[in-house]
file structure.cif (mmCIF, N, CA and C atoms)
data_coords
#
loop_
_atom_site.label_atom_id
_atom_site.label_comp_id
_atom_site.auth_asym_id
_atom_site.auth_seq_id
_atom_site.Cartn_x
_atom_site.Cartn_y
_atom_site.Cartn_z
N MET S 1 132.10 134.36 -186.07
CA MET S 1 130.91 135.19 -185.90
C MET S 1 129.71 134.46 -186.51
N ASN S 2 128.58 134.50 -185.81
CA ASN S 2 127.37 133.85 -186.30
C ASN S 2 126.76 134.64 -187.45
N GLU S 3 126.12 133.90 -188.34
CA GLU S 3 125.40 134.54 -189.44
C GLU S 3 124.20 135.28 -188.87
N PRO S 4 123.84 136.42 -189.46
CA PRO S 4 122.65 137.13 -188.99
C PRO S 4 121.40 136.28 -189.17
N ARG S 5 120.52 136.33 -188.19
CA ARG S 5 119.25 135.61 -188.28
C ARG S 5 118.35 136.38 -189.25
N LEU S 6 117.78 135.68 -190.21
CA LEU S 6 116.89 136.32 -191.17
C LEU S 6 115.56 136.64 -190.53
N PRO S 7 114.93 137.76 -190.94
CA PRO S 7 113.64 138.12 -190.36
C PRO S 7 112.54 137.15 -190.77
N LYS S 8 111.61 136.90 -189.85
CA LYS S 8 110.46 136.04 -190.12
C LYS S 8 109.33 136.81 -190.77
N TYR S 9 109.26 138.13 -190.50
CA TYR S 9 108.13 138.94 -190.91
C TYR S 9 108.57 140.04 -191.87
N ASP S 10 107.65 140.50 -192.71
CA ASP S 10 107.92 141.53 -193.71
C ASP S 10 107.27 142.85 -193.33
N TRP S 11 107.71 143.91 -194.02
CA TRP S 11 107.08 145.22 -193.88
C TRP S 11 105.60 145.06 -194.18
N GLY S 12 104.78 145.79 -193.48
CA GLY S 12 103.34 145.77 -193.72
C GLY S 12 102.60 144.66 -193.01
N THR S 13 103.31 143.77 -192.35
CA THR S 13 102.66 142.67 -191.63
C THR S 13 101.91 143.22 -190.42
N PRO S 14 100.60 142.94 -190.32
CA PRO S 14 99.88 143.34 -189.11
C PRO S 14 100.24 142.40 -187.96
N VAL S 15 100.54 142.98 -186.81
CA VAL S 15 100.98 142.20 -185.65
C VAL S 15 100.26 142.70 -184.41
N HIS S 16 100.45 141.97 -183.32
CA HIS S 16 100.06 142.48 -182.01
C HIS S 16 101.19 142.20 -181.04
N ALA S 17 101.22 142.99 -179.97
CA ALA S 17 102.26 142.83 -178.96
C ALA S 17 102.05 141.49 -178.25
N ALA S 18 103.10 140.70 -178.17
CA ALA S 18 103.02 139.40 -177.50
C ALA S 18 103.08 139.56 -175.98
N ILE S 19 103.65 140.67 -175.54
CA ILE S 19 103.82 140.96 -174.12
C ILE S 19 103.58 142.44 -173.89
N ASP S 20 103.47 142.84 -172.64
CA ASP S 20 103.42 144.27 -172.33
C ASP S 20 104.75 144.90 -172.70
N LEU S 21 104.72 146.07 -173.34
CA LEU S 21 105.93 146.77 -173.75
C LEU S 21 106.05 148.06 -172.95
N TYR S 22 107.18 148.23 -172.28
CA TYR S 22 107.43 149.37 -171.40
C TYR S 22 108.51 150.27 -171.98
N ASN S 23 108.52 151.54 -171.59
CA ASN S 23 109.58 152.45 -172.00
C ASN S 23 110.87 152.09 -171.27
N ASP S 24 111.88 151.79 -172.03
CA ASP S 24 113.18 151.44 -171.46
C ASP S 24 114.09 152.66 -171.35
N GLY S 25 113.51 153.83 -171.58
CA GLY S 25 114.30 155.06 -171.55
C GLY S 25 114.55 155.61 -172.93
N SER S 26 114.19 154.88 -173.96
CA SER S 26 114.45 155.33 -175.33
C SER S 26 113.47 156.40 -175.79
N LEU S 27 112.37 156.61 -175.04
CA LEU S 27 111.42 157.69 -175.33
C LEU S 27 111.55 158.72 -174.22
N PRO S 28 112.38 159.76 -174.44
CA PRO S 28 112.72 160.68 -173.36
C PRO S 28 111.56 161.51 -172.82
N ASP S 29 110.50 161.70 -173.59
CA ASP S 29 109.38 162.51 -173.13
C ASP S 29 108.37 161.73 -172.29
N ILE S 30 108.62 160.43 -172.13
CA ILE S 30 107.72 159.56 -171.36
C ILE S 30 108.53 158.96 -170.22
N PRO S 31 107.98 158.97 -169.00
CA PRO S 31 108.75 158.41 -167.87
C PRO S 31 109.17 156.96 -168.12
N GLU S 32 110.39 156.65 -167.69
CA GLU S 32 110.91 155.29 -167.82
C GLU S 32 110.00 154.32 -167.06
N ASP S 33 109.88 153.11 -167.58
CA ASP S 33 109.07 152.03 -167.02
C ASP S 33 107.56 152.23 -167.19
N THR S 34 107.16 153.23 -167.99
CA THR S 34 105.75 153.43 -168.29
C THR S 34 105.29 152.38 -169.29
N LEU S 35 104.12 151.79 -169.03
CA LEU S 35 103.55 150.85 -169.98
C LEU S 35 103.18 151.60 -171.24
N LEU S 36 103.74 151.20 -172.38
CA LEU S 36 103.47 151.85 -173.66
C LEU S 36 102.37 151.13 -174.43
N ILE S 37 102.51 149.82 -174.54
CA ILE S 37 101.56 149.01 -175.28
C ILE S 37 101.28 147.75 -174.47
N ALA S 38 100.00 147.51 -174.19
CA ALA S 38 99.62 146.29 -173.46
C ALA S 38 99.67 145.10 -174.40
N ALA S 39 99.94 143.93 -173.84
CA ALA S 39 99.94 142.70 -174.64
C ALA S 39 98.63 142.63 -175.41
N GLY S 40 98.72 142.29 -176.68
CA GLY S 40 97.56 142.22 -177.55
C GLY S 40 97.32 143.47 -178.36
N GLY S 41 98.03 144.56 -178.02
CA GLY S 41 97.87 145.81 -178.75
C GLY S 41 98.23 145.64 -180.22
N PRO S 42 97.38 146.13 -181.13
CA PRO S 42 97.62 145.95 -182.56
C PRO S 42 98.62 146.95 -183.12
N GLY S 43 99.35 146.50 -184.12
CA GLY S 43 100.31 147.36 -184.81
C GLY S 43 100.60 146.83 -186.19
N GLU S 44 101.50 147.52 -186.87
CA GLU S 44 101.93 147.11 -188.21
C GLU S 44 103.42 147.36 -188.35
N ILE S 45 104.12 146.39 -188.91
CA ILE S 45 105.56 146.54 -189.14
C ILE S 45 105.76 147.56 -190.25
N VAL S 46 106.53 148.62 -189.93
CA VAL S 46 106.77 149.67 -190.92
C VAL S 46 108.21 149.68 -191.43
N GLN S 47 109.06 148.91 -190.78
CA GLN S 47 110.44 148.77 -191.27
C GLN S 47 111.07 147.56 -190.62
N VAL S 48 111.93 146.89 -191.37
CA VAL S 48 112.66 145.73 -190.85
C VAL S 48 114.15 146.06 -190.93
N GLY S 49 114.81 145.93 -189.80
CA GLY S 49 116.23 146.21 -189.74
C GLY S 49 116.97 145.07 -189.07
N HIS S 50 118.13 145.40 -188.54
CA HIS S 50 118.98 144.37 -187.93
C HIS S 50 119.69 144.97 -186.72
N HIS S 51 119.65 144.27 -185.60
CA HIS S 51 120.38 144.67 -184.40
C HIS S 51 121.79 144.12 -184.53
N ALA S 52 122.76 145.00 -184.75
CA ALA S 52 124.13 144.58 -185.07
C ALA S 52 124.77 143.77 -183.95
N GLU S 53 124.65 144.21 -182.71
CA GLU S 53 125.30 143.51 -181.60
C GLU S 53 124.72 142.13 -181.35
N ALA S 54 123.37 142.03 -181.38
CA ALA S 54 122.72 140.75 -181.10
C ALA S 54 122.61 139.87 -182.34
N ASN S 55 122.81 140.47 -183.52
CA ASN S 55 122.76 139.73 -184.78
C ASN S 55 121.36 139.13 -185.04
N VAL S 56 120.33 139.92 -184.70
CA VAL S 56 118.95 139.47 -184.87
C VAL S 56 118.14 140.56 -185.58
N PRO S 57 117.02 140.17 -186.20
CA PRO S 57 116.16 141.17 -186.84
C PRO S 57 115.55 142.11 -185.80
N LEU S 58 115.32 143.34 -186.21
CA LEU S 58 114.67 144.34 -185.37
C LEU S 58 113.56 144.97 -186.22
N TYR S 59 112.38 145.04 -185.65
CA TYR S 59 111.21 145.53 -186.37
C TYR S 59 110.74 146.85 -185.79
N LEU S 60 110.53 147.85 -186.65
CA LEU S 60 109.86 149.06 -186.22
C LEU S 60 108.38 148.82 -186.41
N VAL S 61 107.63 148.91 -185.31
CA VAL S 61 106.20 148.62 -185.34
C VAL S 61 105.43 149.88 -184.97
N ASP S 62 104.50 150.26 -185.84
CA ASP S 62 103.63 151.40 -185.58
C ASP S 62 102.41 150.88 -184.84
N PHE S 63 102.31 151.22 -183.56
CA PHE S 63 101.19 150.80 -182.74
C PHE S 63 100.09 151.87 -182.69
N GLY S 64 100.19 152.89 -183.54
CA GLY S 64 99.20 153.95 -183.58
C GLY S 64 99.58 155.10 -182.66
N LEU S 65 99.81 154.83 -181.40
CA LEU S 65 100.19 155.87 -180.45
C LEU S 65 101.70 156.11 -180.43
N VAL S 66 102.44 155.08 -180.79
CA VAL S 66 103.90 155.14 -180.72
C VAL S 66 104.48 154.12 -181.70
N VAL S 67 105.67 154.43 -182.22
CA VAL S 67 106.42 153.49 -183.06
C VAL S 67 107.56 152.97 -182.21
N LEU S 68 107.64 151.64 -182.08
CA LEU S 68 108.65 151.02 -181.23
C LEU S 68 109.50 150.04 -182.01
N GLY S 69 110.75 149.90 -181.60
CA GLY S 69 111.61 148.84 -182.11
C GLY S 69 111.32 147.58 -181.30
N CYS S 70 111.00 146.49 -182.00
CA CYS S 70 110.63 145.25 -181.33
C CYS S 70 111.44 144.08 -181.86
N LEU S 71 111.70 143.13 -180.98
CA LEU S 71 112.30 141.86 -181.37
C LEU S 71 111.19 140.89 -181.76
N GLU S 72 111.54 139.82 -182.46
CA GLU S 72 110.53 138.83 -182.88
C GLU S 72 109.77 138.25 -181.70
N GLU S 73 110.43 138.13 -180.55
CA GLU S 73 109.80 137.56 -179.37
C GLU S 73 108.74 138.48 -178.77
N GLU S 74 108.74 139.75 -179.19
CA GLU S 74 107.83 140.73 -178.62
C GLU S 74 106.57 140.94 -179.45
N ILE S 75 106.52 140.37 -180.65
CA ILE S 75 105.38 140.56 -181.54
C ILE S 75 104.91 139.23 -182.10
N VAL S 76 103.63 139.19 -182.47
CA VAL S 76 103.03 138.00 -183.06
C VAL S 76 102.16 138.47 -184.23
N PRO S 77 102.27 137.84 -185.40
CA PRO S 77 101.41 138.24 -186.52
C PRO S 77 99.94 138.06 -186.17
N MET S 78 99.10 138.95 -186.67
CA MET S 78 97.65 138.84 -186.47
C MET S 78 97.20 137.48 -186.98
N GLY S 79 96.25 136.90 -186.30
CA GLY S 79 95.75 135.59 -186.70
C GLY S 79 96.44 134.45 -186.00
N ARG S 80 97.56 134.74 -185.35
CA ARG S 80 98.26 133.72 -184.55
C ARG S 80 98.07 134.06 -183.08
N ALA S 81 97.95 133.04 -182.28
CA ALA S 81 97.80 133.26 -180.84
C ALA S 81 99.11 133.73 -180.24
N ALA S 82 99.02 134.59 -179.26
CA ALA S 82 100.20 135.02 -178.53
C ALA S 82 100.75 133.85 -177.73
N PRO S 83 102.04 133.81 -177.46
CA PRO S 83 102.61 132.73 -176.66
C PRO S 83 101.90 132.62 -175.31
N THR S 84 101.80 131.40 -174.81
CA THR S 84 101.11 131.17 -173.54
C THR S 84 102.07 131.03 -172.38
N ALA S 85 103.33 131.38 -172.59
CA ALA S 85 104.31 131.30 -171.51
C ALA S 85 103.94 132.28 -170.41
N VAL S 86 104.53 132.10 -169.26
CA VAL S 86 104.31 133.02 -168.15
C VAL S 86 104.70 134.41 -168.62
N PRO S 87 103.84 135.41 -168.40
CA PRO S 87 104.15 136.76 -168.88
C PRO S 87 105.49 137.23 -168.34
N GLY S 88 106.28 137.79 -169.22
CA GLY S 88 107.58 138.33 -168.86
C GLY S 88 107.63 139.78 -169.23
N ARG S 89 108.75 140.37 -168.97
CA ARG S 89 108.89 141.78 -169.29
C ARG S 89 110.12 141.94 -170.15
N ILE S 90 109.88 142.30 -171.39
CA ILE S 90 110.97 142.59 -172.31
C ILE S 90 110.84 144.06 -172.65
N GLU S 91 111.92 144.79 -172.54
CA GLU S 91 111.89 146.22 -172.76
C GLU S 91 111.77 146.54 -174.24
N ALA S 92 111.04 147.59 -174.54
CA ALA S 92 110.98 148.10 -175.91
C ALA S 92 112.35 148.65 -176.26
N MET S 93 112.73 148.52 -177.51
CA MET S 93 114.04 149.01 -177.92
C MET S 93 113.90 150.28 -178.68
#
call {"tool": "encode", "arguments": {"input": "structure.cif", "output": "structure tokens"}}
result
Amino acid sequence: MNEPRLPKYDWGTPVHAAIDLYNDGSLPDIPEDTLLIAAGGPGEIVQVGHHAEANVPLYLVDFGLVVLGCLEEEIVPMGRAAPTAVPGRIEAM
């Protein structure tokens, strides 16, 4: 079994969404596939956890309108440029 990947970011870190974040069905009061946070939307990490199956850090990010579970690939600390890769779609967790 692989060792868990340590988190890069701490609680309280201001971040922005690196990509558009959509409802993957985890928010039952909002239709599935609804855009929740557009790329660049500001937020703050309010908790750092661990995704047991994937063995990676999982961040609860308060985006003001909604709190979402995000992977490191879905967020970028404020002051850093968002990745310039072709926009993709990663579901909010």
call {"tool": "resolve_selection", "arguments": {"input": "structure.cif", "expression": "the PyMOL selection byres (((chain S and resi 69-77 and name CA) around 6) and name CA)", "output": "number ranges by chain"}}
result
S: 14-18, 58-60, 68, 78, 80, 93
call {"tool": "write_last_selection", "arguments": {"input": "structure.cif", "atoms": "N, CA and C atoms", "output": "PDB file, in the coordinates of the input"}}
result
ATOM      1  N   PRO S  14     100.600 142.940-190.320  1.00  0.00           N
ATOM      2  CA  PRO S  14      99.880 143.340-189.110  1.00  0.00           C
ATOM      3  C   PRO S  14     100.240 142.400-187.960  1.00  0.00           C
ATOM      4  N   VAL S  15     100.540 142.980-186.810  1.00  0.00           N
ATOM      5  CA  VAL S  15     100.980 142.200-185.650  1.00  0.00           C
ATOM      6  C   VAL S  15     100.260 142.700-184.410  1.00  0.00           C
ATOM      7  N   HIS S  16     100.450 141.970-183.320  1.00  0.00           N
ATOM      8  CA  HIS S  16     100.060 142.480-182.010  1.00  0.00           C
ATOM      9  C   HIS S  16     101.190 142.200-181.040  1.00  0.00           C
ATOM     10  N   ALA S  17     101.220 142.990-179.970  1.00  0.00           N
ATOM     11  CA  ALA S  17     102.260 142.830-178.960  1.00  0.00           C
ATOM     12  C   ALA S  17     102.050 141.490-178.250  1.00  0.00           C
ATOM     13  N   ALA S  18     103.100 140.700-178.170  1.00  0.00           N
ATOM     14  CA  ALA S  18     103.020 139.400-177.500  1.00  0.00           C
ATOM     15  C   ALA S  18     103.080 139.560-175.980  1.00  0.00           C
ATOM     16  N   LEU S  58     115.320 143.340-186.210  1.00  0.00           N
ATOM     17  CA  LEU S  58     114.670 144.340-185.370  1.00  0.00           C
ATOM     18  C   LEU S  58     113.560 144.970-186.220  1.00  0.00           C
ATOM     19  N   TYR S  59     112.380 145.040-185.650  1.00  0.00           N
ATOM     20  CA  TYR S  59     111.210 145.530-186.370  1.00  0.00           C
ATOM     21  C   TYR S  59     110.740 146.850-185.790  1.00  0.00           C
ATOM     22  N   LEU S  60     110.530 147.850-186.650  1.00  0.00           N
ATOM     23  CA  LEU S  60     109.860 149.060-186.220  1.00  0.00           C
ATOM     24  C   LEU S  60     108.380 148.820-186.410  1.00  0.00           C
ATOM     25  N   LEU S  68     107.640 151.640-182.080  1.00  0.00           N
ATOM     26  CA  LEU S  68     108.650 151.020-181.230  1.00  0.00           C
ATOM     27  C   LEU S  68     109.500 150.040-182.010  1.00  0.00           C
ATOM     28  N   MET S  78      99.100 138.950-186.670  1.00  0.00           N
ATOM     29  CA  MET S  78      97.650 138.840-186.470  1.00  0.00           C
ATOM     30  C   MET S  78      97.200 137.480-186.980  1.00  0.00           C
ATOM     31  N   ARG S  80      97.560 134.740-185.350  1.00  0.00           N
ATOM     32  CA  ARG S  80      98.260 133.720-184.550  1.00  0.00           C
ATOM     33  C   ARG S  80      98.070 134.060-183.080  1.00  0.00           C
ATOM     34  N   MET S  93     112.730 148.520-177.510  1.00  0.00           N
ATOM     35  CA  MET S  93     114.040 149.010-177.920  1.00  0.00           C
ATOM     36  C   MET S  93     113.900 150.280-178.680  1.00  0.00           C
TER      37      MET S  93
END
call {"tool": "atom_distance", "arguments": {"input": "structure.cif", "atom1": "atom CA of Leu21 of chain S", "atom2": "atom C of Ala52 of chain S"}}
result
21.6 Å
call {"tool": "atom_distance", "arguments": {"input": "structure.cif", "atom1": "atom N of His50 of chain S", "atom2": "atom C of Asn23 of chain S"}}
result
19.9 Å
call {"tool": "resolve_selection", "arguments": {"input": "structure.cif", "expression": "the PyMOL selection byres ((chain S and resi 4) around 8)", "output": "NGL selection string"}}
result
:S and (1-3 or 5-7 or 54-57)
call {"tool": "atom_distance", "arguments": {"input": "structure.cif", "atom1": "atom CA of Gly64 of chain S", "atom2": "atom CA of Ile30 of chain S"}}
result
15.9 Å
call {"tool": "resolve_selection", "arguments": {"input": "structure.cif", "expression": "the PyMOL selection byres ((chain S and resi 34) around 8)", "output": "list of chain:residue names"}}
result
S:Leu21, S:Tyr22, S:Asn23, S:Asp24, S:Gly25, S:Ile30, S:Pro31, S:Glu32, S:Asp33, S:Leu35, S:Leu36, S:Ile37
call {"tool": "residues_near_point", "arguments": {"input": "structure.cif", "point": "(108.5, 148.3, -189.6)", "cutoff": "7 Å", "atoms": "all atoms listed in the file", "output": "JSON, numbers by chain"}}
result
{"S": [10, 11, 12, 44, 45, 46, 47, 48, 49, 58, 59, 60, 61, 62]}
call {"tool": "select_by_dssp", "arguments": {"input": "structure.cif", "residues": "chain S", "states": "strand (DSSP E or B)", "output": "PyMOL selection string"}}
result
chain S and resi 14-17+21-22+35-37+42-51+56-62+67-70+75-77+90-91
call {"tool": "write_last_selection", "arguments": {"input": "structure.cif", "atoms": "N, CA and C atoms", "output": "mmCIF file, keeping the file's coordinate frame"}}
result
data_model
loop_
_atom_site.group_PDB
_atom_site.id
_atom_site.type_symbol
_atom_site.label_atom_id
_atom_site.label_comp_id
_atom_site.auth_asym_id
_atom_site.auth_seq_id
_atom_site.Cartn_x
_atom_site.Cartn_y
_atom_site.Cartn_z
ATOM 1 N N PRO S 14 100.600 142.940 -190.320
ATOM 2 C CA PRO S 14 99.880 143.340 -189.110
ATOM 3 C C PRO S 14 100.240 142.400 -187.960
ATOM 4 N N VAL S 15 100.540 142.980 -186.810
ATOM 5 C CA VAL S 15 100.980 142.200 -185.650
ATOM 6 C C VAL S 15 100.260 142.700 -184.410
ATOM 7 N N HIS S 16 100.450 141.970 -183.320
ATOM 8 C CA HIS S 16 100.060 142.480 -182.010
ATOM 9 C C HIS S 16 101.190 142.200 -181.040
ATOM 10 N N ALA S 17 101.220 142.990 -179.970
ATOM 11 C CA ALA S 17 102.260 142.830 -178.960
ATOM 12 C C ALA S 17 102.050 141.490 -178.250
ATOM 13 N N LEU S 21 104.720 146.070 -173.340
ATOM 14 C CA LEU S 21 105.930 146.770 -173.750
ATOM 15 C C LEU S 21 106.050 148.060 -172.950
ATOM 16 N N TYR S 22 107.180 148.230 -172.280
ATOM 17 C CA TYR S 22 107.430 149.370 -171.400
ATOM 18 C C TYR S 22 108.510 150.270 -171.980
ATOM 19 N N LEU S 35 104.120 151.790 -169.030
ATOM 20 C CA LEU S 35 103.550 150.850 -169.980
ATOM 21 C C LEU S 35 103.180 151.600 -171.240
ATOM 22 N N LEU S 36 103.740 151.200 -172.380
ATOM 23 C CA LEU S 36 103.470 151.850 -173.660
ATOM 24 C C LEU S 36 102.370 151.130 -174.430
ATOM 25 N N ILE S 37 102.510 149.820 -174.540
ATOM 26 C CA ILE S 37 101.560 149.010 -175.280
ATOM 27 C C ILE S 37 101.280 147.750 -174.470
ATOM 28 N N PRO S 42 97.380 146.130 -181.130
ATOM 29 C CA PRO S 42 97.620 145.950 -182.560
ATOM 30 C C PRO S 42 98.620 146.950 -183.120
ATOM 31 N N GLY S 43 99.350 146.500 -184.120
ATOM 32 C CA GLY S 43 100.310 147.360 -184.810
ATOM 33 C C GLY S 43 100.600 146.830 -186.190
ATOM 34 N N GLU S 44 101.500 147.520 -186.870
ATOM 35 C CA GLU S 44 101.930 147.110 -188.210
ATOM 36 C C GLU S 44 103.420 147.360 -188.350
ATOM 37 N N ILE S 45 104.120 146.390 -188.910
ATOM 38 C CA ILE S 45 105.560 146.540 -189.140
ATOM 39 C C ILE S 45 105.760 147.560 -190.250
ATOM 40 N N VAL S 46 106.530 148.620 -189.930
ATOM 41 C CA VAL S 46 106.770 149.670 -190.920
ATOM 42 C C VAL S 46 108.210 149.680 -191.430
ATOM 43 N N GLN S 47 109.060 148.910 -190.780
ATOM 44 C CA GLN S 47 110.440 148.770 -191.270
ATOM 45 C C GLN S 47 111.070 147.560 -190.620
ATOM 46 N N VAL S 48 111.930 146.890 -191.370
ATOM 47 C CA VAL S 48 112.660 145.730 -190.850
ATOM 48 C C VAL S 48 114.150 146.060 -190.930
ATOM 49 N N GLY S 49 114.810 145.930 -189.800
ATOM 50 C CA GLY S 49 116.230 146.210 -189.740
ATOM 51 C C GLY S 49 116.970 145.070 -189.070
ATOM 52 N N HIS S 50 118.130 145.400 -188.540
ATOM 53 C CA HIS S 50 118.980 144.370 -187.930
ATOM 54 C C HIS S 50 119.690 144.970 -186.720
ATOM 55 N N HIS S 51 119.650 144.270 -185.600
ATOM 56 C CA HIS S 51 120.380 144.670 -184.400
ATOM 57 C C HIS S 51 121.790 144.120 -184.530
ATOM 58 N N VAL S 56 120.330 139.920 -184.700
ATOM 59 C CA VAL S 56 118.950 139.470 -184.870
ATOM 60 C C VAL S 56 118.140 140.560 -185.580
ATOM 61 N N PRO S 57 117.020 140.170 -186.200
ATOM 62 C CA PRO S 57 116.160 141.170 -186.840
ATOM 63 C C PRO S 57 115.550 142.110 -185.800
ATOM 64 N N LEU S 58 115.320 143.340 -186.210
ATOM 65 C CA LEU S 58 114.670 144.340 -185.370
ATOM 66 C C LEU S 58 113.560 144.970 -186.220
ATOM 67 N N TYR S 59 112.380 145.040 -185.650
ATOM 68 C CA TYR S 59 111.210 145.530 -186.370
ATOM 69 C C TYR S 59 110.740 146.850 -185.790
ATOM 70 N N LEU S 60 110.530 147.850 -186.650
ATOM 71 C CA LEU S 60 109.860 149.060 -186.220
ATOM 72 C C LEU S 60 108.380 148.820 -186.410
ATOM 73 N N VAL S 61 107.630 148.910 -185.310
ATOM 74 C CA VAL S 61 106.200 148.620 -185.340
ATOM 75 C C VAL S 61 105.430 149.880 -184.970
ATOM 76 N N ASP S 62 104.500 150.260 -185.840
ATOM 77 C CA ASP S 62 103.630 151.400 -185.580
ATOM 78 C C ASP S 62 102.410 150.880 -184.840
ATOM 79 N N VAL S 67 105.670 154.430 -182.220
ATOM 80 C CA VAL S 67 106.420 153.490 -183.060
ATOM 81 C C VAL S 67 107.560 152.970 -182.210
ATOM 82 N N LEU S 68 107.640 151.640 -182.080
ATOM 83 C CA LEU S 68 108.650 151.020 -181.230
ATOM 84 C C LEU S 68 109.500 150.040 -182.010
ATOM 85 N N GLY S 69 110.750 149.900 -181.600
ATOM 86 C CA GLY S 69 111.610 148.840 -182.110
ATOM 87 C C GLY S 69 111.320 147.580 -181.300
ATOM 88 N N CYS S 70 111.000 146.490 -182.000
ATOM 89 C CA CYS S 70 110.630 145.250 -181.330
ATOM 90 C C CYS S 70 111.440 144.080 -181.860
ATOM 91 N N ILE S 75 106.520 140.370 -180.650
ATOM 92 C CA ILE S 75 105.380 140.560 -181.540
ATOM 93 C C ILE S 75 104.910 139.230 -182.100
ATOM 94 N N VAL S 76 103.630 139.190 -182.470
ATOM 95 C CA VAL S 76 103.030 138.000 -183.060
ATOM 96 C C VAL S 76 102.160 138.470 -184.230
ATOM 97 N N PRO S 77 102.270 137.840 -185.400
ATOM 98 C CA PRO S 77 101.410 138.240 -186.520
ATOM 99 C C PRO S 77 99.940 138.060 -186.170
ATOM 100 N N ILE S 90 109.880 142.300 -171.390
ATOM 101 C CA ILE S 90 110.970 142.590 -172.310
ATOM 102 C C ILE S 90 110.840 144.060 -172.650
ATOM 103 N N GLU S 91 111.920 144.790 -172.540
ATOM 104 C CA GLU S 91 111.890 146.220 -172.760
ATOM 105 C C GLU S 91 111.770 146.540 -174.240
#
